[in-house]
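Following: one structure in structure tokens, then a few remarks.
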Amino acid sequence: MKALCWQGVNELSVEQVPDPELRNDQDVIVRLVAGTTCGSDLHLIGGYIPAMRAGDVIGHEFLGEVVETGSAVRRHKVGDRVVVASFVGCGRCWYCANDLWSLCDNTNTNPGIGQALFGYESGGIFGYSHAMGGLRGSHAEYVRVPFADYGAFPVPDGVDDVSALFASDSVPTGWMGADLGGVKPGDVVAVWGCGAVGQMAARAAILLGAERVISIDRIPERLEMTERHIGSETLDYTSTDVAAELRERTGGRGPDVCIEAVGMEAHSDGPMHLYDQVKQQLRLQTDRPTAVRQAVHACRKGGTVFVLGVFAGMVDKFPLGAVVNKGLTVRGAQQHGQRYIPMLLDRMARGEISTAHLATHTMPLERAVEGYDMFKEKSDGCVRAVFTGPGRTG
Amino acid sequence: MKHVKSALVVAAAVGTGAVAARRTRSRAAAGDESADRWLTVTINRAPTDVMPDGTLPQPLDRMADRLEARVRPAPGDRGAELAVRLRETPSDAETSLPGRLAGEDPRQEVRTALREAKAILEAGEVMLPDTPPTTKETPVGKAIGMVARRSGGEGVL
Ligand SMILES: NC(=O)c1ccc[n+]([C@@H]2O[C@H](COP(=O)([O-])OP(=O)(O)OC[C@H]3O[C@@H](n4cnc5c(N)ncnc54)[C@H](O)[C@@H]3O)[C@@H](O)[C@H]2O)c1
Ligand SMILES: [Zn+2]
Ligand SMILES: [Zn+2]
């Protein structure tokens, strides 16, 4: 079958690779209907995620058609159209039982690597290095889905394939940021990043009752899209002082909840950017935390900063003093998709969350390299490139 | 670190026996990752499901004669804490980095079996990696592959 492989830093290619097999009784195999690029993949393509091997298939946000089921699978049958959570959860360890699915104890096949990096390993995710589980990615014509009774969800009839696709990763990630960030009616929420994840975080904040939501980016078409499709105010961080602007818009208090949806390759024009970039390139720090710093600084006293952006290792110049002296809650997580996906699909069916606009470019899987180029460069207004596979389309 | 070490030496000196003396040596040599530490997992099942009639769950049962084991309820409704330890403390050569890379450290087998026992009890199966693990062979990839193969037997149990 055809699949998109990481071949080295900034080097991708579509290759012929062996078809996946059922390896466990609780697995299903799906035929790809559609998959999409995610900002997390950019960190991986750029070489910032450890333990990638040349030849690894990448991709983790996808929708497929079930073509084979293991003998212990109960909730799926051949022909089902399913959206699959990007993290795999066993459903029965303490973490899964407590709805902390990306922390599953039983789905990272290389626990020793994650433990060396983080103290304890994360759960397994599709196509995201041998440190994060070692599973093959989903940018392939066929994908093996372990523990499918827990991680694959039928899509309601009223939701089309491309819209439903984003329920795999970006929609639940954004929802989690607002939910676990504690957004409640009356709050003012600021969101850094107007990619798919930031937009979905902003939408979640609105649906959870936030009084005002302010989204921050520099790319004009993303800012415009966020205003139009999400209903959030926006702010171009290159044209104004973000902290001052947020202060002004919040009566001098600062946002109650700050959600960071940028990640470890954050951009800025200030002198700190060069410092961060040099240190990152020399591997003296692994991640550039520009937006996190800004969020911590701008957040109101006693507020919450939720880090959705992916960070892999160490950051430098983290404003710990602001955290302590302003009494902040700082939290982060990889997404607990299984906790939210059915509820989110219902909301999508009811028209409360729309995602179709995120798919700015659709192309067959064979052209995935081109899709990632556009996504990385944000060229031609690309927000997400969607790759279509051989699966049935609805 | 230093006072821990001397306390252990004192304990050994006042005659807590050969076992303690032997353990003292390896603890002092290997620091925090001492070779005779109990290896522990918490399993989201009742203690009586984990060790019914005092027998170890599979696949740990296969090495039962080489292990000491204990199980106790985990606090806060988290299931059972299962701890095992090799009766014979592995040698310094076995627990050295080259020994571990060569897969000669007997604790690796124990850690793997502990994780598998937990997975079987909780989720009904041990999730296997995809095969082949990647689609191209390079020297760096081979090194990562080797680390990955050992990784089920390493880490912080
Ligand atoms: N926690 C999770 O489970 C999870 C899941 C999916 C994605 N992510 C992470 O979320 C982040 C966003 O993902 P995405 O797919 O939306 O990526 P994306 O690359 O499409 O979007 C990132 C956006 O951040 C903007 N940006 C860069 N620097 C900024 C700054 N200093 N201030 C404000 N905005 C800035 C960029 O212009 C871009 O629009 C990534 O780090 C990704 O790894 C996390
Ligand atoms: Zn993602
Ligand atoms: Zn689990």
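Residues are referred to by chain and number: the chain letter is A, B, ... according to the order shown in the structure tokens, the number counts from 1 in that chain, and ligands are numbered separately from 1 in the order shown.
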
Practice item. Restrict the distance test to only C-alpha atoms, flag each residue of chain B within 12 Å of chain A, and return the flagged residues as an MDAnalysis selection string. Key: chainID B and resid 41:45 74 76:80 108 111:112 114:157

### Task
With only C-alpha atoms and all ligand atoms counted, collect every polymer residue having an atom within 9 Å of ligand 2; state the result as a ChimeraX atom specification.
/A:36-41,59-61,86,168-170,173,197,310,334-335

Tell me, as a PDB file with all heavy atoms, in the first residue's frame, which residues lie within 10 Å of Val162 of chain A, counting only C-alpha atoms; anything in the same chain fewer than 4 positions away does not count.
```
ATOM      1  N   VAL A  33     -10.313   6.924   4.552  1.00  0.00           N
ATOM      2  CA  VAL A  33     -11.208   7.782   3.775  1.00  0.00           C
ATOM      3  C   VAL A  33     -10.545   9.155   3.640  1.00  0.00           C
ATOM      4  O   VAL A  33     -10.380   9.668   2.537  1.00  0.00           O
ATOM      5  CB  VAL A  33     -12.594   7.896   4.447  1.00  0.00           C
ATOM      6  CG1 VAL A  33     -13.458   8.932   3.738  1.00  0.00           C
ATOM      7  CG2 VAL A  33     -13.289   6.543   4.461  1.00  0.00           C
ATOM      8  N   ALA A  34     -10.143   9.725   4.772  1.00  0.00           N
ATOM      9  CA  ALA A  34      -9.469  11.022   4.738  1.00  0.00           C
ATOM     10  C   ALA A  34      -8.605  11.194   5.978  1.00  0.00           C
ATOM     11  O   ALA A  34      -8.933  10.702   7.053  1.00  0.00           O
ATOM     12  CB  ALA A  34     -10.500  12.151   4.657  1.00  0.00           C
ATOM     13  N   GLY A  35      -7.492  11.892   5.778  1.00  0.00           N
ATOM     14  CA  GLY A  35      -6.607  12.209   6.900  1.00  0.00           C
ATOM     15  C   GLY A  35      -6.138  13.639   6.722  1.00  0.00           C
ATOM     16  O   GLY A  35      -6.289  14.216   5.642  1.00  0.00           O
ATOM     17  N   THR A  36      -5.580  14.219   7.780  1.00  0.00           N
ATOM     18  CA  THR A  36      -5.129  15.610   7.626  1.00  0.00           C
ATOM     19  C   THR A  36      -3.807  15.875   8.327  1.00  0.00           C
ATOM     20  O   THR A  36      -3.394  15.133   9.210  1.00  0.00           O
ATOM     21  CB  THR A  36      -6.219  16.599   8.112  1.00  0.00           C
ATOM     22  OG1 THR A  36      -5.767  17.941   7.912  1.00  0.00           O
ATOM     23  CG2 THR A  36      -6.544  16.412   9.584  1.00  0.00           C
ATOM     24  N   PHE A  62      -7.545  11.129  11.477  1.00  0.00           N
ATOM     25  CA  PHE A  62      -8.080  10.429  10.308  1.00  0.00           C
ATOM     26  C   PHE A  62      -9.460   9.821  10.511  1.00  0.00           C
ATOM     27  O   PHE A  62      -9.934   9.647  11.637  1.00  0.00           O
ATOM     28  CB  PHE A  62      -7.099   9.342   9.846  1.00  0.00           C
ATOM     29  CG  PHE A  62      -6.893   8.200  10.818  1.00  0.00           C
ATOM     30  CD1 PHE A  62      -7.384   6.925  10.543  1.00  0.00           C
ATOM     31  CD2 PHE A  62      -6.178   8.392  11.989  1.00  0.00           C
ATOM     32  CE1 PHE A  62      -7.182   5.861  11.423  1.00  0.00           C
ATOM     33  CE2 PHE A  62      -5.977   7.345  12.886  1.00  0.00           C
ATOM     34  CZ  PHE A  62      -6.473   6.081  12.601  1.00  0.00           C
ATOM     35  N   LEU A  63     -10.036   9.485   9.373  1.00  0.00           N
ATOM     36  CA  LEU A  63     -11.366   8.879   9.302  1.00  0.00           C
ATOM     37  C   LEU A  63     -11.254   7.715   8.331  1.00  0.00           C
ATOM     38  O   LEU A  63     -10.591   7.836   7.292  1.00  0.00           O
ATOM     39  CB  LEU A  63     -12.321   9.930   8.744  1.00  0.00           C
ATOM     40  CG  LEU A  63     -13.760   9.530   8.528  1.00  0.00           C
ATOM     41  CD1 LEU A  63     -14.585  10.137   9.670  1.00  0.00           C
ATOM     42  CD2 LEU A  63     -14.293  10.088   7.221  1.00  0.00           C
ATOM     43  N   PHE A 166     -12.021  16.033  11.475  1.00  0.00           N
ATOM     44  CA  PHE A 166     -11.356  16.859  12.485  1.00  0.00           C
ATOM     45  C   PHE A 166     -11.772  16.496  13.916  1.00  0.00           C
ATOM     46  O   PHE A 166     -11.167  16.963  14.878  1.00  0.00           O
ATOM     47  CB  PHE A 166     -11.603  18.344  12.191  1.00  0.00           C
ATOM     48  CG  PHE A 166     -11.020  18.769  10.868  1.00  0.00           C
ATOM     49  CD1 PHE A 166     -11.818  18.900   9.738  1.00  0.00           C
ATOM     50  CD2 PHE A 166      -9.660  18.998  10.744  1.00  0.00           C
ATOM     51  CE1 PHE A 166     -11.283  19.270   8.515  1.00  0.00           C
ATOM     52  CE2 PHE A 166      -9.108  19.361   9.530  1.00  0.00           C
ATOM     53  CZ  PHE A 166      -9.920  19.503   8.405  1.00  0.00           C
ATOM     54  N   ALA A 167     -12.809  15.668  14.029  1.00  0.00           N
ATOM     55  CA  ALA A 167     -13.191  15.186  15.367  1.00  0.00           C
ATOM     56  C   ALA A 167     -12.167  14.187  15.910  1.00  0.00           C
ATOM     57  O   ALA A 167     -12.220  13.784  17.071  1.00  0.00           O
ATOM     58  CB  ALA A 167     -14.570  14.545  15.325  1.00  0.00           C
ATOM     59  N   THR A 355     -16.358  22.668  10.873  1.00  0.00           N
ATOM     60  CA  THR A 355     -14.935  22.409  10.639  1.00  0.00           C
ATOM     61  C   THR A 355     -14.572  22.392   9.149  1.00  0.00           C
ATOM     62  O   THR A 355     -13.392  22.418   8.817  1.00  0.00           O
ATOM     63  CB  THR A 355     -14.545  21.029  11.204  1.00  0.00           C
ATOM     64  OG1 THR A 355     -15.462  20.068  10.676  1.00  0.00           O
ATOM     65  CG2 THR A 355     -14.596  20.995  12.718  1.00  0.00           C
ATOM     66  N   ALA A 356     -15.594  22.358   8.280  1.00  0.00           N
ATOM     67  CA  ALA A 356     -15.316  22.176   6.846  1.00  0.00           C
ATOM     68  C   ALA A 356     -14.361  23.248   6.318  1.00  0.00           C
ATOM     69  O   ALA A 356     -13.531  22.972   5.442  1.00  0.00           O
ATOM     70  CB  ALA A 356     -16.622  22.174   6.060  1.00  0.00           C
ATOM     71  N   HIS A 357     -14.453  24.461   6.877  1.00  0.00           N
ATOM     72  CA  HIS A 357     -13.606  25.556   6.379  1.00  0.00           C
ATOM     73  C   HIS A 357     -12.114  25.323   6.640  1.00  0.00           C
ATOM     74  O   HIS A 357     -11.262  25.952   6.023  1.00  0.00           O
ATOM     75  CB  HIS A 357     -14.038  26.879   7.025  1.00  0.00           C
ATOM     76  CG  HIS A 357     -13.772  26.935   8.501  1.00  0.00           C
ATOM     77  ND1 HIS A 357     -14.602  26.348   9.439  1.00  0.00           N
ATOM     78  CD2 HIS A 357     -12.746  27.476   9.205  1.00  0.00           C
ATOM     79  CE1 HIS A 357     -14.111  26.551  10.647  1.00  0.00           C
ATOM     80  NE2 HIS A 357     -12.985  27.222  10.532  1.00  0.00           N
ATOM     81  N   LEU A 358     -11.803  24.425   7.594  1.00  0.00           N
ATOM     82  CA  LEU A 358     -10.386  24.161   7.902  1.00  0.00           C
ATOM     83  C   LEU A 358      -9.693  23.446   6.748  1.00  0.00           C
ATOM     84  O   LEU A 358      -8.489  23.594   6.535  1.00  0.00           O
ATOM     85  CB  LEU A 358     -10.267  23.290   9.169  1.00  0.00           C
ATOM     86  CG  LEU A 358     -10.869  23.872  10.449  1.00  0.00           C
ATOM     87  CD1 LEU A 358     -10.891  22.810  11.547  1.00  0.00           C
ATOM     88  CD2 LEU A 358     -10.077  25.100  10.903  1.00  0.00           C
ATOM     89  N   ALA A 359     -10.469  22.667   6.001  1.00  0.00           N
ATOM     90  CA  ALA A 359      -9.915  21.873   4.888  1.00  0.00           C
ATOM     91  C   ALA A 359      -9.735  22.770   3.667  1.00  0.00           C
ATOM     92  O   ALA A 359     -10.504  22.710   2.719  1.00  0.00           O
ATOM     93  CB  ALA A 359     -10.853  20.710   4.576  1.00  0.00           C
ATOM     94  N   THR A 362      -7.638  19.961  -0.546  1.00  0.00           N
ATOM     95  CA  THR A 362      -7.911  18.527  -0.525  1.00  0.00           C
ATOM     96  C   THR A 362      -7.220  17.884  -1.714  1.00  0.00           C
ATOM     97  O   THR A 362      -7.282  18.414  -2.827  1.00  0.00           O
ATOM     98  CB  THR A 362      -9.432  18.278  -0.570  1.00  0.00           C
ATOM     99  OG1 THR A 362     -10.019  18.939   0.551  1.00  0.00           O
ATOM    100  CG2 THR A 362      -9.755  16.792  -0.476  1.00  0.00           C
ATOM    101  N   VAL A 386      -5.972  18.149   3.394  1.00  0.00           N
ATOM    102  CA  VAL A 386      -6.679  16.894   3.637  1.00  0.00           C
ATOM    103  C   VAL A 386      -6.298  15.903   2.547  1.00  0.00           C
ATOM    104  O   VAL A 386      -6.288  16.252   1.362  1.00  0.00           O
ATOM    105  CB  VAL A 386      -8.207  17.129   3.664  1.00  0.00           C
ATOM    106  CG1 VAL A 386      -8.963  15.803   3.653  1.00  0.00           C
ATOM    107  CG2 VAL A 386      -8.587  17.957   4.893  1.00  0.00           C
ATOM    108  N   PHE A 387      -5.940  14.693   2.950  1.00  0.00           N
ATOM    109  CA  PHE A 387      -5.541  13.657   1.992  1.00  0.00           C
ATOM    110  C   PHE A 387      -6.643  12.613   1.896  1.00  0.00           C
ATOM    111  O   PHE A 387      -7.065  12.057   2.916  1.00  0.00           O
ATOM    112  CB  PHE A 387      -4.244  12.986   2.448  1.00  0.00           C
ATOM    113  CG  PHE A 387      -3.151  13.967   2.780  1.00  0.00           C
ATOM    114  CD1 PHE A 387      -2.422  13.852   3.958  1.00  0.00           C
ATOM    115  CD2 PHE A 387      -2.873  15.025   1.921  1.00  0.00           C
ATOM    116  CE1 PHE A 387      -1.424  14.766   4.274  1.00  0.00           C
ATOM    117  CE2 PHE A 387      -1.876  15.945   2.230  1.00  0.00           C
ATOM    118  CZ  PHE A 387      -1.153  15.818   3.408  1.00  0.00           C
ATOM    119  N   THR A 388      -7.081  12.351   0.695  1.00  0.00           N
ATOM    120  CA  THR A 388      -8.128  11.344   0.537  1.00  0.00           C
ATOM    121  C   THR A 388      -7.500   9.995   0.210  1.00  0.00           C
ATOM    122  O   THR A 388      -6.513   9.902  -0.520  1.00  0.00           O
ATOM    123  CB  THR A 388      -9.114  11.744  -0.570  1.00  0.00           C
ATOM    124  OG1 THR A 388      -8.368  12.077  -1.742  1.00  0.00           O
ATOM    125  CG2 THR A 388      -9.939  12.947  -0.153  1.00  0.00           C
ATOM    126  N   THR A 393     -16.469   7.168   0.382  1.00  0.00           N
ATOM    127  CA  THR A 393     -16.783   8.514   0.858  1.00  0.00           C
ATOM    128  C   THR A 393     -18.282   8.686   0.948  1.00  0.00           C
ATOM    129  O   THR A 393     -19.028   8.168   0.145  1.00  0.00           O
ATOM    130  CB  THR A 393     -16.176   9.601  -0.053  1.00  0.00           C
ATOM    131  OG1 THR A 393     -16.568   9.328  -1.390  1.00  0.00           O
ATOM    132  CG2 THR A 393     -14.675   9.628   0.042  1.00  0.00           C
ATOM    133  N   GLY A 394     -18.705   9.431   1.972  1.00  0.00           N
ATOM    134  CA  GLY A 394     -20.130   9.539   2.286  1.00  0.00           C
ATOM    135  C   GLY A 394     -20.823  10.654   1.526  1.00  0.00           C
ATOM    136  O   GLY A 394     -20.268  11.296   0.680  1.00  0.00           O
TER     137      GLY A 394
END
```

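Put simply, atom CA of Glu221 of chain A is 22.0 Å away from atom 4 (C, counted along the ligand's line) of ligand 1.
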
At most 8 Å from ligand 1 (only C-alpha atoms and all ligand atoms): residue list as number ranges by chain: A: 37-43, 102, 169-170, 173-174, 192-199, 216-219, 222, 237, 260-268, 290-291, 294, 307-311, 332-336, 375-376, 378, 383-384

**Asked** Looking only at the backbone, which of the residues in segment 75-319 of chain A does DSSP tag as strand (DSSP E), as number ranges by chain?
**Response** A: 81-84, 87-88, 124-125, 142-145, 152-154, 188-192, 212-217, 233-236, 257-260, 304-307

Checklist line | Selection: 12 Å around Ala93 of chain B, only C-alpha atoms, excl. self and same-chain fewer than 3 positions, as a list in words | finding: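 So the residues in contact are Ser26, Ala29, Ala30, Ala35, Thr89, Pro90, Ser96, Leu97, Pro98, Gly99, Arg100, Leu101, Ala102, Gly103, Glu104, Asp105 and Pro106 of chain B.
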
Correct to one decimal, the distance atom CA of Thr360 of chain A-atom CA of Asp160 of chain A is 15.4 Å

Hey, can you check how far atom CA of Pro185 of chain A sits from atom CA of Ala322 of chain A?
->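 That distance, rounded to one decimal, is 25.5 Å.
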
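Considering the residues A:Val242, A:Gln338, A:Ala178, A:Gly231 and counting only C-alpha atoms and all ligand atoms, ligand 3 has its shortest atom-to-atom contact with A:Gln338.
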
Closest of A:Glu211, A:Glu11, A:Asp373, A:Glu224 to Asp236 of chain A, counting only C-alpha atoms, is A:Glu224

When DSSP works through the backbone of this structure, what residues of segment 98-180 of chain A end up as helix (DSSP H, G or I), shown as number ranges by chain?
-> A: 101-103, 111-118, 148-151, 161-168, 170-180

Give me a file of those residues, with N, CA, C and O atoms, as a compact mmCIF listing (two decimals), in the first residue's frame.
```txt
# COMPACT_ATOMS: atom_id res chain seq x y z
N TRP A 101 -7.28 9.81 28.68
CA TRP A 101 -6.93 8.78 27.70
C TRP A 101 -5.54 8.88 27.13
O TRP A 101 -4.92 7.85 26.82
N SER A 102 -5.01 10.08 26.95
CA SER A 102 -3.68 10.18 26.34
C SER A 102 -2.59 9.72 27.31
O SER A 102 -1.42 9.67 26.96
N LEU A 103 -3.00 9.40 28.54
CA LEU A 103 -2.04 8.92 29.54
C LEU A 103 -2.13 7.41 29.72
O LEU A 103 -1.53 6.87 30.66
N PRO A 111 7.75 1.87 26.50
CA PRO A 111 7.62 2.70 27.71
C PRO A 111 8.96 3.23 28.22
O PRO A 111 9.02 4.33 28.76
N GLY A 112 10.02 2.46 28.03
CA GLY A 112 11.32 2.87 28.59
C GLY A 112 11.81 4.18 27.99
O GLY A 112 12.44 4.99 28.68
N ILE A 113 11.51 4.43 26.70
CA ILE A 113 12.00 5.66 26.06
C ILE A 113 11.25 6.86 26.65
O ILE A 113 11.86 7.85 27.07
N GLY A 114 9.94 6.77 26.71
CA GLY A 114 9.15 7.87 27.27
C GLY A 114 9.50 8.14 28.73
O GLY A 114 9.53 9.28 29.18
N GLN A 115 9.79 7.06 29.47
CA GLN A 115 10.13 7.24 30.88
C GLN A 115 11.48 7.93 31.05
O GLN A 115 11.66 8.74 31.95
N ALA A 116 12.41 7.62 30.15
CA ALA A 116 13.70 8.30 30.21
C ALA A 116 13.54 9.79 29.93
O ALA A 116 14.20 10.63 30.52
N LEU A 117 12.61 10.13 29.02
CA LEU A 117 12.42 11.54 28.66
C LEU A 117 11.61 12.31 29.70
O LEU A 117 11.93 13.43 30.04
N PHE A 118 10.52 11.69 30.16
CA PHE A 118 9.52 12.46 30.92
C PHE A 118 9.32 11.97 32.36
O PHE A 118 8.53 12.55 33.09
N ALA A 148 -9.93 -0.80 19.29
CA ALA A 148 -10.85 -0.03 18.45
C ALA A 148 -12.21 0.18 19.11
O ALA A 148 -12.90 1.15 18.81
N ASP A 149 -12.62 -0.72 20.01
CA ASP A 149 -13.91 -0.51 20.67
C ASP A 149 -13.90 0.78 21.48
O ASP A 149 -14.95 1.35 21.77
N TYR A 150 -12.72 1.23 21.87
CA TYR A 150 -12.62 2.44 22.69
C TYR A 150 -12.22 3.68 21.89
O TYR A 150 -12.54 4.79 22.29
N GLY A 151 -11.50 3.50 20.77
CA GLY A 151 -10.91 4.67 20.10
C GLY A 151 -11.50 5.01 18.75
O GLY A 151 -11.16 6.05 18.18
N ASP A 161 -17.74 13.48 5.58
CA ASP A 161 -16.43 12.91 5.90
C ASP A 161 -15.41 13.96 6.32
O ASP A 161 -14.73 13.81 7.33
N VAL A 162 -15.29 15.00 5.51
CA VAL A 162 -14.22 15.96 5.78
C VAL A 162 -14.49 16.72 7.08
O VAL A 162 -13.57 16.97 7.86
N SER A 163 -15.74 17.04 7.35
CA SER A 163 -16.04 17.71 8.62
C SER A 163 -15.74 16.78 9.79
O SER A 163 -15.12 17.19 10.78
N ALA A 164 -16.16 15.52 9.67
CA ALA A 164 -15.99 14.57 10.78
C ALA A 164 -14.53 14.27 11.05
O ALA A 164 -14.13 14.03 12.19
N LEU A 165 -13.72 14.30 10.01
CA LEU A 165 -12.29 14.01 10.13
C LEU A 165 -11.64 14.77 11.29
O LEU A 165 -10.84 14.22 12.05
N PHE A 166 -12.02 16.03 11.47
CA PHE A 166 -11.36 16.86 12.49
C PHE A 166 -11.77 16.50 13.92
O PHE A 166 -11.17 16.96 14.88
N ALA A 167 -12.81 15.67 14.03
CA ALA A 167 -13.19 15.19 15.37
C ALA A 167 -12.17 14.19 15.91
O ALA A 167 -12.22 13.78 17.07
N SER A 168 -11.23 13.77 15.07
CA SER A 168 -10.19 12.83 15.47
C SER A 168 -9.19 13.46 16.44
O SER A 168 -8.73 12.82 17.39
N SER A 170 -8.10 17.64 16.18
CA SER A 170 -8.11 19.09 16.47
C SER A 170 -9.32 19.54 17.27
O SER A 170 -9.18 20.38 18.16
N VAL A 171 -10.51 19.00 16.98
CA VAL A 171 -11.69 19.46 17.72
C VAL A 171 -11.61 19.05 19.20
O VAL A 171 -11.75 19.90 20.08
N PRO A 172 -11.35 17.77 19.50
CA PRO A 172 -11.24 17.42 20.93
C PRO A 172 -10.07 18.10 21.63
O PRO A 172 -10.15 18.40 22.83
N THR A 173 -8.99 18.36 20.91
CA THR A 173 -7.86 19.06 21.55
C THR A 173 -8.29 20.45 21.98
O THR A 173 -8.08 20.87 23.12
N GLY A 174 -8.91 21.18 21.06
CA GLY A 174 -9.37 22.52 21.39
C GLY A 174 -10.38 22.49 22.53
O GLY A 174 -10.31 23.28 23.47
N TRP A 175 -11.29 21.52 22.47
CA TRP A 175 -12.32 21.42 23.51
C TRP A 175 -11.67 21.17 24.87
O TRP A 175 -12.03 21.78 25.89
N MET A 176 -10.70 20.28 24.88
CA MET A 176 -10.02 19.95 26.13
C MET A 176 -9.36 21.19 26.74
O MET A 176 -9.40 21.38 27.97
N GLY A 177 -8.75 22.03 25.89
CA GLY A 177 -8.08 23.22 26.41
C GLY A 177 -9.05 24.12 27.16
O GLY A 177 -8.75 24.63 28.24
N ALA A 178 -10.24 24.29 26.57
CA ALA A 178 -11.24 25.15 27.21
C ALA A 178 -11.85 24.46 28.43
O ALA A 178 -12.04 25.07 29.49
N ASP A 179 -12.13 23.16 28.28
CA ASP A 179 -12.78 22.42 29.37
C ASP A 179 -11.85 22.29 30.58
O ASP A 179 -12.19 22.69 31.69
N LEU A 180 -10.65 21.73 30.35
CA LEU A 180 -9.74 21.53 31.49
C LEU A 180 -9.09 22.85 31.92
O LEU A 180 -8.56 22.94 33.03
```
